[in-house]
Amino acid sequence: MQREISVPYTIEQDEDGIWCAEAALTPKSFANGSGATPEAALEDLKDAITILAETVGVPEQLVVTVEVD
């Protein structure tokens, strides 16, 4: 069975020029990705999240629509 999930992430470039992305699947389960470009780091993070979800499971989610400026 497939399930689509939304995972907030952060991404920044380190002092060596490598892009680093990280996300928390659950409060105790984190995934990291890195790459030469932001896109490569996000692809690496997606792979890490997939592996993490297979290991710890997918958390329940609540979807809320909010107004933003």
# chains A, B, ... in the order shown; residues from 1 in each chain; ligands from 1
$ select_by_dssp --residues "segment 2-64 of chain A" --states "strand (DSSP E or B)" --output "number ranges by chain"
A: 9-13, 19-26, 29-35
$ residues_around --residues "Ser34 of chain A" --least-positions-apart "3" --cutoff "7 Å" --atoms "only C-alpha atoms" --output "MDAnalysis selection string"
chainID A and resid 18:21 40:41 44
$ write_last_selection --atoms "N, CA and C atoms" --output "mmCIF file, in the first residue's frame"
data_model
loop_
_atom_site.group_PDB
_atom_site.id
_atom_site.type_symbol
_atom_site.label_atom_id
_atom_site.label_comp_id
_atom_site.auth_asym_id
_atom_site.auth_seq_id
_atom_site.Cartn_x
_atom_site.Cartn_y
_atom_site.Cartn_z
ATOM 1 N N ILE A 18 28.499 22.180 0.911
ATOM 2 C CA ILE A 18 27.573 21.051 0.757
ATOM 3 C C ILE A 18 26.200 21.459 1.294
ATOM 4 N N TRP A 19 25.168 21.104 0.549
ATOM 5 C CA TRP A 19 23.805 21.376 1.002
ATOM 6 C C TRP A 19 23.345 20.244 1.907
ATOM 7 N N CYS A 20 22.782 20.595 3.060
ATOM 8 C CA CYS A 20 22.338 19.623 4.062
ATOM 9 C C CYS A 20 20.859 19.846 4.353
ATOM 10 N N ALA A 21 20.077 18.785 4.268
ATOM 11 C CA ALA A 21 18.641 18.855 4.534
ATOM 12 C C ALA A 21 18.318 17.893 5.664
ATOM 13 N N ALA A 40 19.739 18.048 -5.046
ATOM 14 C CA ALA A 40 20.375 16.764 -4.724
ATOM 15 C C ALA A 40 20.206 16.436 -3.254
ATOM 16 N N ALA A 41 20.319 17.433 -2.392
ATOM 17 C CA ALA A 41 20.141 17.207 -0.959
ATOM 18 C C ALA A 41 18.710 16.773 -0.654
ATOM 19 N N ASP A 44 18.214 13.150 -1.721
ATOM 20 C CA ASP A 44 18.847 12.291 -0.730
ATOM 21 C C ASP A 44 17.978 12.208 0.528
#
$ atom_distance --atom1 "atom CA of Arg3 of chain A" --atom2 "atom CA of Glu43 of chain A"
18.0 Å
$ atom_distance --atom1 "atom CA of Leu42 of chain A" --atom2 "atom CA of Val7 of chain A"
11.6 Å
$ closest_residue --among "A:Thr26, A:Thr37, A:Gln2, A:Thr65" --to "Leu52 of chain A" --atoms "only C-alpha atoms"
A:Thr26
$ closest_residue --among "A:Val64, A:Val58, A:Leu25, A:Ala31" --to "Leu45 of chain A" --atoms "only C-alpha atoms"
A:Ala31
$ select_by_dssp --residues "segment 17-68 of chain A" --states "helix (DSSP H, G or I)" --output "number ranges by chain"
A: 38-56
$ closest_residue --among "A:Gly33, A:Asp47, A:Lys28, A:Glu22" --to "Pro59 of chain A" --atoms "only C-alpha atoms"
A:Lys28
$ atom_distance --atom1 "atom CA of Ala53 of chain A" --atom2 "atom CA of Gly35 of chain A"
21.1 Å
$ closest_residue --among "A:Thr10, A:Val56, A:Val66, A:Ile5" --to "Pro27 of chain A" --atoms "only C-alpha atoms"
A:Val56
